[in-house]
Structures are given as structure tokens and as C-alpha cells.
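Student: Supplied structure: input35.cif, mmCIF, C-alpha atoms and all ligand atoms.
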data_protein
#
loop_
_atom_site.label_atom_id
_atom_site.label_comp_id
_atom_site.auth_asym_id
_atom_site.auth_seq_id
_atom_site.Cartn_x
_atom_site.Cartn_y
_atom_site.Cartn_z
CA MET V 910 9.88 -13.34 -13.95
CA GLU V 911 11.57 -15.03 -16.93
CA GLY V 912 9.37 -17.35 -18.91
CA LYS V 913 6.10 -16.21 -17.40
CA LYS V 914 3.34 -15.09 -19.71
CA ILE V 915 2.51 -11.41 -19.68
CA ILE V 916 -0.66 -9.73 -18.50
CA PHE V 917 -1.65 -6.11 -19.00
CA SER V 918 -4.80 -4.43 -17.72
CA GLY V 919 -6.02 -1.03 -16.61
CA ILE V 920 -8.91 0.92 -15.17
CA GLN V 921 -9.70 4.57 -15.79
CA PRO V 922 -9.60 7.00 -12.86
CA SER V 923 -12.71 8.66 -14.28
CA GLY V 924 -15.16 8.08 -11.46
CA GLU V 925 -15.64 6.05 -8.33
CA LEU V 926 -15.23 2.31 -8.89
CA THR V 927 -18.29 0.05 -8.74
CA ILE V 928 -18.51 -3.58 -7.73
CA GLY V 929 -18.76 -4.20 -11.50
CA ASN V 930 -15.17 -3.01 -11.90
CA TYR V 931 -14.17 -5.01 -8.87
CA LEU V 932 -15.82 -8.31 -9.78
CA GLY V 933 -15.29 -7.96 -13.55
CA ALA V 934 -11.65 -6.90 -13.41
CA LEU V 935 -9.77 -6.30 -10.16
CA LYS V 936 -10.69 -9.44 -8.25
CA ASN V 937 -9.42 -11.55 -11.14
CA TRP V 938 -6.17 -9.66 -11.38
CA VAL V 939 -5.46 -10.66 -7.80
CA LYS V 940 -5.88 -14.32 -8.73
CA LEU V 941 -3.56 -14.06 -11.72
CA GLN V 942 -0.63 -12.26 -10.15
CA ASP V 943 1.37 -15.32 -9.13
CA GLU V 944 1.12 -17.12 -12.39
CA TYR V 945 1.86 -14.20 -14.73
CA ASP V 946 4.18 -11.27 -15.12
CA CYS V 947 1.62 -8.50 -14.66
CA TYR V 948 1.40 -4.82 -15.60
CA PHE V 949 -1.48 -3.00 -13.90
CA CYS V 950 -1.95 0.54 -15.07
CA VAL V 951 -4.06 3.50 -13.95
CA VAL V 952 -5.11 4.73 -17.39
CA ASP V 953 -5.36 8.48 -16.88
CA LEU V 954 -4.84 9.31 -20.57
CA HIS V 955 -8.02 7.37 -21.29
CA ALA V 956 -9.93 9.20 -18.56
CA ILE V 957 -9.63 12.61 -20.27
CA THR V 958 -11.71 11.45 -23.24
CA VAL V 959 -14.55 12.68 -21.05
CA LYS V 960 -14.34 15.97 -19.13
CA GLN V 961 -12.46 15.72 -15.83
CA GLU V 962 -12.04 18.21 -13.03
CA PRO V 963 -8.23 18.41 -12.51
CA LYS V 964 -8.35 18.10 -8.74
CA ASP V 965 -10.75 15.16 -8.87
CA LEU V 966 -8.61 13.44 -11.50
CA ARG V 967 -5.54 13.81 -9.25
CA ARG V 968 -7.37 12.44 -6.23
CA ARG V 969 -8.95 9.54 -8.10
CA THR V 970 -5.71 8.53 -9.79
CA LEU V 971 -3.99 8.05 -6.43
CA GLU V 972 -7.08 6.46 -4.92
CA LEU V 973 -7.26 3.96 -7.78
CA LEU V 974 -3.66 2.94 -7.23
CA ALA V 975 -4.49 2.54 -3.52
CA ILE V 976 -7.51 0.40 -4.45
CA TYR V 977 -5.34 -1.87 -6.60
CA ILE V 978 -3.05 -2.46 -3.64
CA ALA V 979 -5.85 -2.74 -1.07
CA ALA V 980 -7.66 -5.29 -3.25
CA GLY V 981 -4.60 -7.52 -2.94
CA ILE V 982 -2.33 -6.70 -5.86
CA ASP V 983 1.16 -6.95 -4.47
CA PRO V 984 3.37 -4.06 -5.61
CA ARG V 985 6.48 -6.18 -5.08
CA LYS V 986 5.30 -8.80 -7.54
CA ASN V 987 3.63 -6.64 -10.19
CA THR V 988 4.46 -3.56 -12.19
CA MET V 989 1.97 -0.86 -11.19
CA PHE V 990 2.09 2.54 -12.81
CA ILE V 991 0.27 5.60 -14.08
CA GLN V 992 -0.20 5.68 -17.86
CA SER V 993 0.81 9.34 -18.37
CA HIS V 994 4.20 8.60 -16.72
CA VAL V 995 5.11 6.38 -19.65
CA PRO V 996 5.04 8.58 -22.78
CA GLN V 997 5.57 5.56 -25.02
CA HIS V 998 1.81 4.86 -24.74
CA ALA V 999 0.83 8.09 -26.49
CA GLU V 1000 3.60 7.66 -29.04
CA ALA V 1001 2.69 4.07 -29.94
CA ALA V 1002 -0.95 5.15 -30.15
CA TRP V 1003 0.01 7.63 -32.88
CA LEU V 1004 1.78 4.93 -34.86
CA LEU V 1005 -1.25 2.64 -34.61
CA ASN V 1006 -3.64 5.49 -35.42
CA CYS V 1007 -1.98 5.70 -38.81
CA ILE V 1008 -2.99 2.12 -39.63
CA ALA V 1009 -6.43 2.19 -37.94
CA TYR V 1010 -9.51 2.87 -40.07
CA MET V 1011 -12.11 5.50 -39.24
CA GLY V 1012 -14.80 2.97 -40.09
CA GLU V 1013 -13.68 0.35 -37.60
CA LEU V 1014 -13.36 2.96 -34.84
CA GLN V 1015 -16.79 4.43 -35.56
CA ARG V 1016 -18.30 0.97 -35.23
CA MET V 1017 -17.15 0.49 -31.62
CA THR V 1018 -20.15 0.19 -29.29
CA GLN V 1019 -18.50 2.21 -26.54
CA PHE V 1020 -17.75 5.04 -28.98
CA LYS V 1021 -21.35 5.07 -30.14
CA ASP V 1022 -22.64 5.15 -26.54
CA LYS V 1023 -20.28 7.76 -25.24
CA SER V 1024 -20.37 10.01 -28.31
CA SER V 1025 -24.15 10.14 -28.24
CA LYS V 1026 -23.81 11.61 -24.75
CA GLN V 1027 -21.46 14.34 -26.02
CA GLY V 1028 -24.05 15.68 -28.48
CA SER V 1029 -23.92 15.93 -32.25
CA GLY V 1030 -20.81 14.86 -34.22
CA ALA V 1031 -19.40 18.38 -34.32
CA SER V 1032 -18.76 18.47 -30.58
CA VAL V 1033 -17.58 14.88 -30.00
CA ASN V 1034 -13.88 14.96 -29.15
CA ALA V 1035 -11.51 13.00 -31.39
CA GLY V 1036 -9.97 11.31 -28.36
CA LEU V 1037 -13.16 9.36 -27.85
CA LEU V 1038 -12.88 7.91 -31.35
CA ASN V 1039 -9.19 7.11 -30.91
CA TYR V 1040 -9.63 5.69 -27.40
CA PRO V 1041 -9.42 2.01 -28.45
CA VAL V 1042 -6.24 2.71 -30.43
CA LEU V 1043 -4.60 4.03 -27.26
CA MET V 1044 -5.85 0.90 -25.48
CA ALA V 1045 -4.25 -1.23 -28.21
CA ALA V 1046 -0.98 0.67 -27.73
CA ASP V 1047 -1.12 0.04 -23.95
CA ILE V 1048 -1.39 -3.65 -24.58
CA ILE V 1049 1.05 -4.27 -27.45
CA LEU V 1050 3.90 -2.27 -25.88
CA TYR V 1051 4.42 -5.01 -23.29
CA GLN V 1052 4.13 -7.92 -25.77
CA THR V 1053 1.09 -8.92 -23.72
CA ASP V 1054 -0.30 -12.47 -23.88
CA LEU V 1055 -3.50 -11.98 -21.87
CA VAL V 1056 -5.76 -9.06 -21.02
CA PRO V 1057 -8.16 -9.65 -18.09
CA VAL V 1058 -11.20 -7.40 -18.59
CA GLY V 1059 -14.98 -7.40 -18.30
CA LYS V 1060 -17.13 -8.46 -21.23
CA ASP V 1061 -17.73 -4.87 -22.37
CA GLN V 1062 -14.08 -4.66 -23.48
CA LYS V 1063 -14.17 -7.67 -25.78
CA GLN V 1064 -14.72 -5.57 -28.88
CA HIS V 1065 -11.75 -3.35 -28.03
CA LEU V 1066 -9.63 -6.44 -27.61
CA GLU V 1067 -10.66 -7.64 -31.05
CA LEU V 1068 -9.61 -4.31 -32.51
CA THR V 1069 -6.28 -4.59 -30.67
CA ARG V 1070 -5.72 -8.00 -32.24
CA ASN V 1071 -6.59 -6.64 -35.68
CA LEU V 1072 -4.21 -3.70 -35.33
CA ALA V 1073 -1.37 -5.93 -34.12
CA GLU V 1074 -1.92 -8.32 -37.01
CA ARG V 1075 -2.17 -5.47 -39.48
CA PHE V 1076 1.10 -3.97 -38.22
CA ASN V 1077 2.81 -7.36 -38.46
CA GLY V 1078 1.41 -7.86 -41.95
CA LEU V 1079 2.70 -4.49 -43.15
CA TYR V 1080 6.11 -4.53 -41.47
CA SER V 1081 6.83 -8.19 -40.57
CA ASP V 1082 6.35 -9.89 -37.22
CA THR V 1083 6.81 -7.30 -34.45
CA LEU V 1084 3.86 -7.34 -32.07
CA LYS V 1085 2.36 -10.14 -29.99
CA VAL V 1086 -1.34 -10.66 -30.70
CA PRO V 1087 -3.05 -10.73 -27.27
CA ASP V 1088 -6.00 -12.78 -26.03
CA PRO V 1089 -8.80 -11.48 -23.84
CA TYR V 1090 -9.40 -13.13 -20.48
CA ILE V 1091 -13.01 -12.69 -19.45
CA PRO V 1092 -14.20 -14.13 -16.12
CA LYS V 1093 -17.26 -16.38 -16.01
CA ALA V 1094 -19.03 -15.11 -12.92
CA GLY V 1095 -18.37 -11.37 -12.74
CA ALA V 1096 -18.05 -10.67 -16.47
CA LYS V 1097 -21.06 -8.41 -16.54
CA ILE V 1098 -22.59 -7.09 -13.35
CA MET V 1099 -25.87 -5.39 -14.16
CA ASP V 1100 -27.57 -2.18 -13.06
CA LEU V 1101 -29.57 -2.78 -9.86
CA GLN V 1102 -32.49 -0.69 -11.08
CA GLU V 1103 -32.52 -1.75 -14.73
CA PRO V 1104 -30.94 -5.22 -14.65
CA THR V 1105 -30.80 -5.51 -18.44
CA LYS V 1106 -28.19 -2.71 -18.52
CA LYS V 1107 -24.54 -2.91 -17.44
CA MET V 1108 -23.81 -1.49 -13.98
CA SER V 1109 -21.91 1.69 -14.63
CA LYS V 1110 -20.44 4.43 -12.51
CA SER V 1111 -21.85 6.97 -14.97
CA SER V 1112 -25.49 6.14 -14.19
CA ASP V 1113 -27.58 9.08 -12.93
CA ASN V 1114 -29.30 7.00 -10.27
CA PRO V 1115 -27.01 6.07 -7.34
CA ASN V 1116 -29.32 3.16 -6.44
CA ALA V 1117 -28.29 1.55 -9.74
CA TYR V 1118 -24.76 0.79 -8.58
CA ILE V 1119 -22.71 -0.11 -5.54
CA LEU V 1120 -19.45 1.73 -5.19
CA MET V 1121 -16.38 0.02 -3.81
CA MET V 1122 -16.24 2.71 -1.13
CA ASP V 1123 -19.96 2.67 -0.21
CA PRO V 1124 -20.44 2.23 3.57
CA PRO V 1125 -22.22 -0.94 4.82
CA GLU V 1126 -25.57 0.74 5.51
CA VAL V 1127 -25.65 2.19 1.98
CA ILE V 1128 -24.86 -1.23 0.50
CA LYS V 1129 -27.71 -2.77 2.49
CA LYS V 1130 -30.13 -0.09 1.38
CA LYS V 1131 -29.18 -0.32 -2.30
CA ILE V 1132 -29.42 -4.11 -2.40
CA SER V 1133 -32.76 -4.08 -0.59
CA ARG V 1134 -34.04 -1.69 -3.28
CA ALA V 1135 -32.67 -3.74 -6.17
CA VAL V 1136 -35.34 -4.42 -8.79
CA THR V 1137 -36.50 -8.06 -8.92
CA ASP V 1138 -39.79 -9.50 -10.22
CA THR V 1139 -43.06 -10.94 -8.98
CA LEU V 1140 -42.36 -14.60 -9.77
CA GLY V 1141 -41.21 -15.35 -6.24
CA VAL V 1142 -38.79 -18.17 -7.12
CA ILE V 1143 -35.00 -17.93 -7.09
CA LYS V 1144 -33.90 -19.17 -10.50
CA TYR V 1145 -30.84 -18.35 -12.57
CA SER V 1146 -32.65 -17.40 -15.74
CA ASP V 1147 -32.83 -14.60 -18.31
CA GLU V 1148 -36.49 -14.21 -17.46
CA GLN V 1149 -35.44 -12.96 -14.02
CA PRO V 1150 -32.59 -10.54 -14.81
CA GLY V 1151 -32.67 -8.93 -11.35
CA ILE V 1152 -32.39 -12.24 -9.51
CA LYS V 1153 -29.84 -13.50 -12.00
CA ASN V 1154 -27.68 -10.46 -11.31
CA LEU V 1155 -27.87 -10.98 -7.53
CA ILE V 1156 -26.88 -14.63 -8.02
CA ASN V 1157 -23.98 -13.54 -10.23
CA ILE V 1158 -22.73 -11.12 -7.59
CA LEU V 1159 -22.88 -13.81 -4.91
CA SER V 1160 -21.28 -16.31 -7.23
CA ALA V 1161 -18.36 -14.00 -8.10
CA ILE V 1162 -17.72 -13.17 -4.45
CA LYS V 1163 -18.04 -16.68 -3.07
CA GLY V 1164 -16.36 -18.47 -5.97
CA LEU V 1165 -19.37 -20.79 -6.35
CA ASN V 1166 -21.11 -21.41 -9.63
CA PRO V 1167 -24.61 -19.97 -10.13
CA GLU V 1168 -26.25 -23.41 -10.16
CA GLU V 1169 -24.92 -24.17 -6.68
CA ILE V 1170 -26.35 -20.93 -5.41
CA GLU V 1171 -29.70 -21.57 -7.08
CA LEU V 1172 -29.85 -24.91 -5.28
CA GLU V 1173 -28.96 -23.37 -1.94
CA TYR V 1174 -31.87 -20.90 -2.22
CA GLN V 1175 -34.51 -23.35 -3.34
CA GLY V 1176 -37.72 -22.52 -1.50
CA LYS V 1177 -36.26 -19.37 0.05
CA GLY V 1178 -37.47 -15.80 -0.43
CA TYR V 1179 -36.02 -12.73 -2.15
CA ALA V 1180 -35.49 -10.95 1.17
CA GLU V 1181 -33.16 -13.67 2.40
CA LEU V 1182 -31.19 -13.68 -0.86
CA LYS V 1183 -30.87 -9.90 -0.78
CA ASN V 1184 -29.73 -9.96 2.81
CA ASP V 1185 -27.04 -12.53 2.04
CA VAL V 1186 -25.88 -10.66 -1.05
CA ALA V 1187 -25.55 -7.45 0.98
CA GLU V 1188 -23.62 -9.25 3.73
CA ALA V 1189 -21.31 -10.90 1.21
CA ILE V 1190 -20.52 -7.57 -0.48
CA ILE V 1191 -19.91 -5.87 2.87
CA GLY V 1192 -17.67 -8.70 4.05
CA GLU V 1193 -15.67 -8.53 0.84
CA LEU V 1194 -15.33 -4.74 0.66
CA LYS V 1195 -14.89 -3.69 4.30
CA PRO V 1196 -11.24 -4.77 4.66
CA ILE V 1197 -10.43 -3.23 1.27
CA GLN V 1198 -12.08 0.06 2.25
CA ASP V 1199 -10.15 0.25 5.51
CA LYS V 1200 -6.89 -0.35 3.70
CA VAL V 1201 -7.64 2.24 1.00
CA LYS V 1202 -8.30 4.89 3.67
CA GLU V 1203 -4.95 4.12 5.24
CA LEU V 1204 -3.03 4.04 1.95
CA VAL V 1205 -4.33 7.31 0.47
CA ASN V 1206 -2.80 9.14 3.39
CA ASP V 1207 0.58 7.59 2.74
CA LYS V 1208 1.49 9.59 -0.35
CA GLU V 1209 5.20 8.75 -0.10
CA TYR V 1210 4.50 5.03 -0.19
CA LEU V 1211 2.25 5.39 -3.24
CA LYS V 1212 4.83 7.61 -4.93
CA ASN V 1213 7.55 5.00 -4.49
CA ILE V 1214 5.35 2.42 -6.11
CA TYR V 1215 4.28 4.45 -9.13
CA LYS V 1216 7.80 5.81 -9.68
CA GLU V 1217 9.38 2.41 -9.65
CA GLY V 1218 6.56 0.97 -11.76
CA ALA V 1219 6.90 3.67 -14.42
CA GLU V 1220 10.66 3.15 -14.64
CA LYS V 1221 10.26 -0.52 -15.37
CA ALA V 1222 7.32 0.06 -17.71
CA ARG V 1223 9.23 2.71 -19.70
CA TYR V 1224 12.14 0.36 -20.19
CA ILE V 1225 9.99 -2.49 -21.51
CA ALA V 1226 7.65 -0.25 -23.54
CA ASN V 1227 10.58 1.46 -25.19
CA LYS V 1228 11.96 -1.81 -26.50
CA THR V 1229 8.76 -2.46 -28.45
CA LEU V 1230 8.40 1.15 -29.53
CA ARG V 1231 11.96 1.23 -30.89
CA LYS V 1232 11.28 -1.88 -32.94
CA MET V 1233 8.06 -0.41 -34.31
CA LYS V 1234 9.76 2.84 -35.32
CA LYS V 1235 12.63 1.06 -36.99
CA LYS V 1236 10.31 -1.12 -39.03
CA ILE V 1237 8.23 1.88 -40.07
CA GLY V 1238 11.37 3.53 -41.47
CA PHE V 1239 12.19 6.18 -38.89
CA ILE V 1240 15.89 6.94 -38.42
CA PRO V 1241 17.11 5.64 -35.04
CA GLN V 1242 18.61 8.33 -32.79
CA GLU V 1243 21.72 6.29 -32.14
P1 LIG V 1301 -13.64 1.16 -16.75
O1 LIG V 1301 -14.34 1.60 -15.55
O2 LIG V 1301 -14.43 1.38 -17.98
O3 LIG V 1301 -12.23 1.66 -16.82
O4 LIG V 1301 -13.56 -0.42 -16.62
C1 LIG V 1301 -12.56 -1.07 -15.91
C2 LIG V 1301 -12.74 -2.57 -15.95
O5 LIG V 1301 -13.95 -2.96 -15.28
C3 LIG V 1301 -12.86 -3.17 -17.36
O6 LIG V 1301 -12.15 -4.39 -17.40
C4 LIG V 1301 -14.33 -3.40 -17.52
O7 LIG V 1301 -14.61 -4.44 -18.43
C5 LIG V 1301 -14.75 -3.78 -16.10
N1 LIG V 1301 -16.17 -3.47 -15.85
C6 LIG V 1301 -16.74 -2.25 -15.84
N2 LIG V 1301 -18.07 -2.33 -15.54
C7 LIG V 1301 -18.33 -3.66 -15.37
C8 LIG V 1301 -19.53 -4.41 -15.04
N3 LIG V 1301 -20.70 -3.82 -14.84
N4 LIG V 1301 -19.41 -5.75 -14.93
C9 LIG V 1301 -18.22 -6.38 -15.12
N5 LIG V 1301 -17.08 -5.73 -15.44
C10 LIG V 1301 -17.11 -4.39 -15.56
N1 LIG V 1302 -10.79 0.61 -21.96
C1 LIG V 1302 -10.74 -0.03 -20.69
C2 LIG V 1302 -12.07 0.21 -19.96
O1 LIG V 1302 -12.76 1.16 -20.20
C3 LIG V 1302 -9.61 0.48 -19.83
C4 LIG V 1302 -8.31 0.20 -20.48
C5 LIG V 1302 -7.48 1.09 -21.09
C6 LIG V 1302 -7.69 -1.08 -20.59
N2 LIG V 1302 -6.38 0.46 -21.57
C7 LIG V 1302 -6.48 -0.87 -21.29
C8 LIG V 1302 -8.05 -2.35 -20.16
C9 LIG V 1302 -5.62 -1.93 -21.58
C10 LIG V 1302 -7.18 -3.41 -20.47
C11 LIG V 1302 -5.99 -3.20 -21.17
O2 LIG V 1302 -12.40 -0.56 -19.14
#
Produce C-alpha cells that represent the structure in this file.
Tutor:
Amino acid sequence: MEGKKIIFSGIQPSGELTIGNYLGALKNWVKLQDEYDCYFCVVDLHAITVKQEPKDLRRRTLELLAIYIAAGIDPRKNTMFIQSHVPQHAEAAWLLNCIAYMGELQRMTQFKDKSSKQGSGASVNAGLLNYPVLMAADIILYQTDLVPVGKDQKQHLELTRNLAERFNGLYSDTLKVPDPYIPKAGAKIMDLQEPTKKMSKSSDNPNAYILMMDPPEVIKKKISRAVTDTLGVIKYSDEQPGIKNLINILSAIKGLNPEEIELEYQGKGYAELKNDVAEAIIGELKPIQDKVKELVNDKEYLKNIYKEGAEKARYIANKTLRKMKKKIGFIPQE
């Protein structure tokens, strides 16, 4: 482990995962695990910024850990844990909250989107505003070099960098300033019904997204219903957002660049492209789905992984937290 650069990333157990989460985040984590010292976290503290049913939250938290493993993240090589098992995250978030500005938090696109769904200002929970500060705490506690995320998280990463720099400026060099790592192909998988919008698990229309656990026939149906256009040519262009999205999905799964795919489908029809996209998704997800089903029944195995992960994470996180507290002027306990 010594000498390797550090990666931290996480996904919220707040709903079923889509292929957007998979292609934008998870699939890349798998590729990075040999080269980096990685921390992969199930960020349950983040999930409660929107209302969660306790029993669903419990189920999804374990399922998400199972998905990490089934997707190919090796628990022997990486530190995998559940955020609420490492109290240092909430504590560091408080310290950073005291140097974060209301204005910069109110400007975050995700805050604006999500708060508008919670109604008028009076009923928007404060956690939603402070969400990116908690994310910054997650990252800086491990002296993280790189954060592999989808494009939608870029703004939060910029805030994280600003907070780390601000802390260092106020109290001298303490925190590593992390860089985002955003994949080319899967960075933004779009909604299948409105391909100018990001694919999201919170969409009201199930035809808009493909879930990682969707069975093959559902995947086929959803892809065949994906919105395209009437141009009838397969081109990778912003004028054809539906086709562009299908090419992006194929490109992220096959590891080919979009231009190669465009060439391959010259003169072919939309039905053929859709069929191939559906087959590619099914081929990619089926083995993962089978493994997830097996793993979620093995609670002891999952427990061993998250217990061991949290122990290691607490040890590392505490080192950074202790430094932060000392610099701030808190009296050390010993
Ligand atoms: P979340 O579901 O918000 O916890 O997101 C988990 C990870 O998936 C983050 O790295 C996101 O950037 C990524 N992600 C979510 N939706 C998409 C999408 N439609 N396309 C690409 N990446 C995504
Ligand atoms: N905010 C991220 C999302 O919605 C999830 C997240 C929380 C995260 N903490 C993180 C991602 C730390 C990377 C690093 O997708």
C-alpha cells in the first residue's frame, strides 16, 4: 500500500442504482483498484438528506455494499465501509461547516434541484444545504489524491478543493487538495425518455432509467422504448441526444470510443443499435446481478467486510481529524 496515491469515492444508498451510477462511477473504480489505495464508502449519512424508510435504508445499504463487491471491487485490496460507522466524517463536517459560506452552498446546482423538490425554503432541511460539506469531509479525512465520480459531482469537488485550501490558509498546510477523476465515456448517462436530462434513479418514469438489478426482458423493453429522432442516421452528435446517449452507453461498456461505434453502425438502423445496446447491458449486468443475489444472503460475509473496513477507515480518518482539531486550537485529550 505504501507510496500509492489515494482514492476515495462513495454512492448513496438512497434508491436503486442505475446504469448511470454503474458506468459513471462503479465501473471505473474497478479499473483503478490496482493502481491506487482505495476507500469505497456507502454514504448513508448523505442518504438521509432526503426522507428514507428505515427498513429500506438498511436493505439498500447492505445491497450497495454487495453491488460494490459483485461489480468487481476486491474487498481484500480496498477499504470498503459504511459512512455512519466512522464518526469522524460527521465531526470533520462540523469543523468544515464553520469555514464554509452559506452563499457558496446555496449556489450548488444539486442543492437548488433537490431543495426545489422539498418545497419552499421553510421546509428544506439544513442537511441538504450542508451535504457538500459532509462530502468534503469524507474526502479530506483520507488525504485523498483522486475522486472518481460522474460529471454531476464536479461542482462538489470544486467546493471540496476550496474548503481544503481555505483550511490550509487559515491554519497552515494540513489537508491534501484532491482532484476529480471524471471518465470520458460514462461521465453522464442521460434519461432514456428525455435524453437532455441526466439519468436519475429519482425520475418518476421507470422507462427513463435502467436499474442495475433490472431483469433482461425489462432492459430490452426499456431500450426499445428509448426516445430517438426521425433523422434515421446513427451519428454521435448533440443534434441527436437519444442516439448519442445509446452510443455513449455502448462505448462505456465496450471500452471503445464513440467514433469507432459510429463507424461500425454506418448505414445501419436504430433497431439494430438498440438491440445491440440492450444485449451489451444485459451481458454486462447479468453476472453482477447473480453475484449480488448470492452476496445479500451472506450477511456474515458482508459484516466481516464492513467491520474490518470501518476499523481501518477510523484509524486513518482519526489521524487527519486530530491534526485539524489541534490546529484549530482544541485541547488534545492526551
Ligand atoms: P449518487 O447516486 O448521487 O450517489 O451518485 C453516485 C455516483 O454515480 C456519482 O459519482 C455520480 O456522479 C454518478 N452518477 C449518477 N448518475 C449518473 C449518470 N446519469 N451518469 C453518470 N454518472 C452518474
Ligand atoms: N455526493 C455524491 C453523489 O451524490 C456521493 C458522495 C458522498 C461522494 N461523499 C462522496 C462521492 C465522496 C465521492 C466522494 O454522487
Student: Counting only C-alpha atoms and all ligand atoms, which residues of chain V fall within 9 Å of ligand LIG 1302 (chain V), and what is the closest atom pair for each with its distance in Å at one decimal, ordered by chain and rising number, as a Markdown table?
Tutor:
| residue | atom | partner | partner_atom | distance |
| --- | --- | --- | --- | --- |
| V:Ile916 | CA | V:LIG1302 | C11 | 8.8 |
| V:Phe917 | CA | V:LIG1302 | C11 | 5.7 |
| V:Ser918 | CA | V:LIG1302 | C10 | 3.8 |
| V:Gly919 | CA | V:LIG1302 | C8 | 4.3 |
| V:Ile920 | CA | V:LIG1302 | C3 | 4.7 |
| V:Gln921 | CA | V:LIG1302 | C3 | 5.7 |
| V:Asn930 | CA | V:LIG1302 | O2 | 8.1 |
| V:Ala934 | CA | V:LIG1302 | O2 | 8.6 |
| V:Phe949 | CA | V:LIG1302 | C11 | 8.6 |
| V:Cys950 | CA | V:LIG1302 | C7 | 7.8 |
| V:Val951 | CA | V:LIG1302 | C5 | 8.3 |
| V:Val952 | CA | V:LIG1302 | C5 | 5.7 |
| V:Asp953 | CA | V:LIG1302 | C5 | 8.8 |
| V:Leu954 | CA | V:LIG1302 | C5 | 8.6 |
| V:His955 | CA | V:LIG1302 | C5 | 6.3 |
| V:Ala956 | CA | V:LIG1302 | O1 | 8.7 |
| V:Gln992 | CA | V:LIG1302 | N2 | 8.9 |
| V:Gln1019 | CA | V:LIG1302 | O1 | 8.6 |
| V:Tyr1040 | CA | V:LIG1302 | N1 | 7.5 |
| V:Pro1041 | CA | V:LIG1302 | N1 | 6.8 |
| V:Leu1043 | CA | V:LIG1302 | N2 | 6.9 |
| V:Met1044 | CA | V:LIG1302 | N2 | 4.0 |
| V:Ala1045 | CA | V:LIG1302 | C9 | 6.8 |
| V:Ala1046 | CA | V:LIG1302 | C9 | 8.1 |
| V:Asp1047 | CA | V:LIG1302 | C9 | 5.5 |
| V:Ile1048 | CA | V:LIG1302 | C9 | 5.5 |
| V:Val1056 | CA | V:LIG1302 | C10 | 5.9 |
| V:Pro1057 | CA | V:LIG1302 | C10 | 6.7 |
| V:Val1058 | CA | V:LIG1302 | C10 | 6.0 |
| V:Gly1059 | CA | V:LIG1302 | O2 | 7.4 |
| V:Asp1061 | CA | V:LIG1302 | O2 | 7.6 |
| V:Gln1062 | CA | V:LIG1302 | O2 | 6.2 |
| V:His1065 | CA | V:LIG1302 | N1 | 7.3 |
| V:Leu1066 | CA | V:LIG1302 | C11 | 8.1 |
| V:Pro1089 | CA | V:LIG1302 | C10 | 8.9 |
Student: Within 7 Å of Pro1150 of chain V, counting all atoms listed in the file, which residues show up once you throw out same-chain ones fewer than 4 positions away? Write them as a list of chain:residue names, please.
Tutor: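 What passes the distance filter is V:Pro1104, V:Thr1105, V:Ser1146, V:Asn1154.
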Student: Taking all atoms listed in the file into account, which of V:Lys1110, V:Lys1200, V:Arg1223, V:Lys1228 comes nearest Pro922 of chain V?
Tutor: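 Of the candidates, the smallest distance to Pro922 of chain V is held by V:Lys1110.
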Student: In Å, how far is it from atom CA of Ala1180 of chain V to atom CA of Ile1158 of chain V?
Tutor: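 Going from atom CA of Ala1180 of chain V over to atom CA of Ile1158 of chain V, I get 15.5 Å.
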Student: List the neighbours of Gln1015 of chain V out to 10 Å using all atoms listed in the file; skip same-chain residues closer than 3 positions along the sequence, and give me the result as JSON, numbers by chain.
Tutor: {"V": [1010, 1011, 1012, 1018, 1019, 1020, 1021, 1024, 1037, 1038, 1039]}
Student: Provide the atom CA of Met989 of chain V to atom CA of Lys1221 of chain V distance in Å, to one decimal place.
Tutor: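 A separation of 9.3 Å between them.
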Student: Kindly indicate which residue among V:Asp1100, V:Asp1022, V:Glu944, V:Asp1199 lies nearest to ligand LIG 1301 (chain V), using only C-alpha atoms and all ligand atoms for the distances.
Tutor: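 Ranked by minimum distance to ligand LIG 1301 (chain V), first place goes to V:Asp1100.
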Student: Excluding same-chain residues fewer than 6 positions from Val1042 of chain V, what lies within 8 Å of it counting all atoms listed in the file, as a PyMOL selection string?
Tutor: chain V and resi 1002+1005-1006+1009+1069
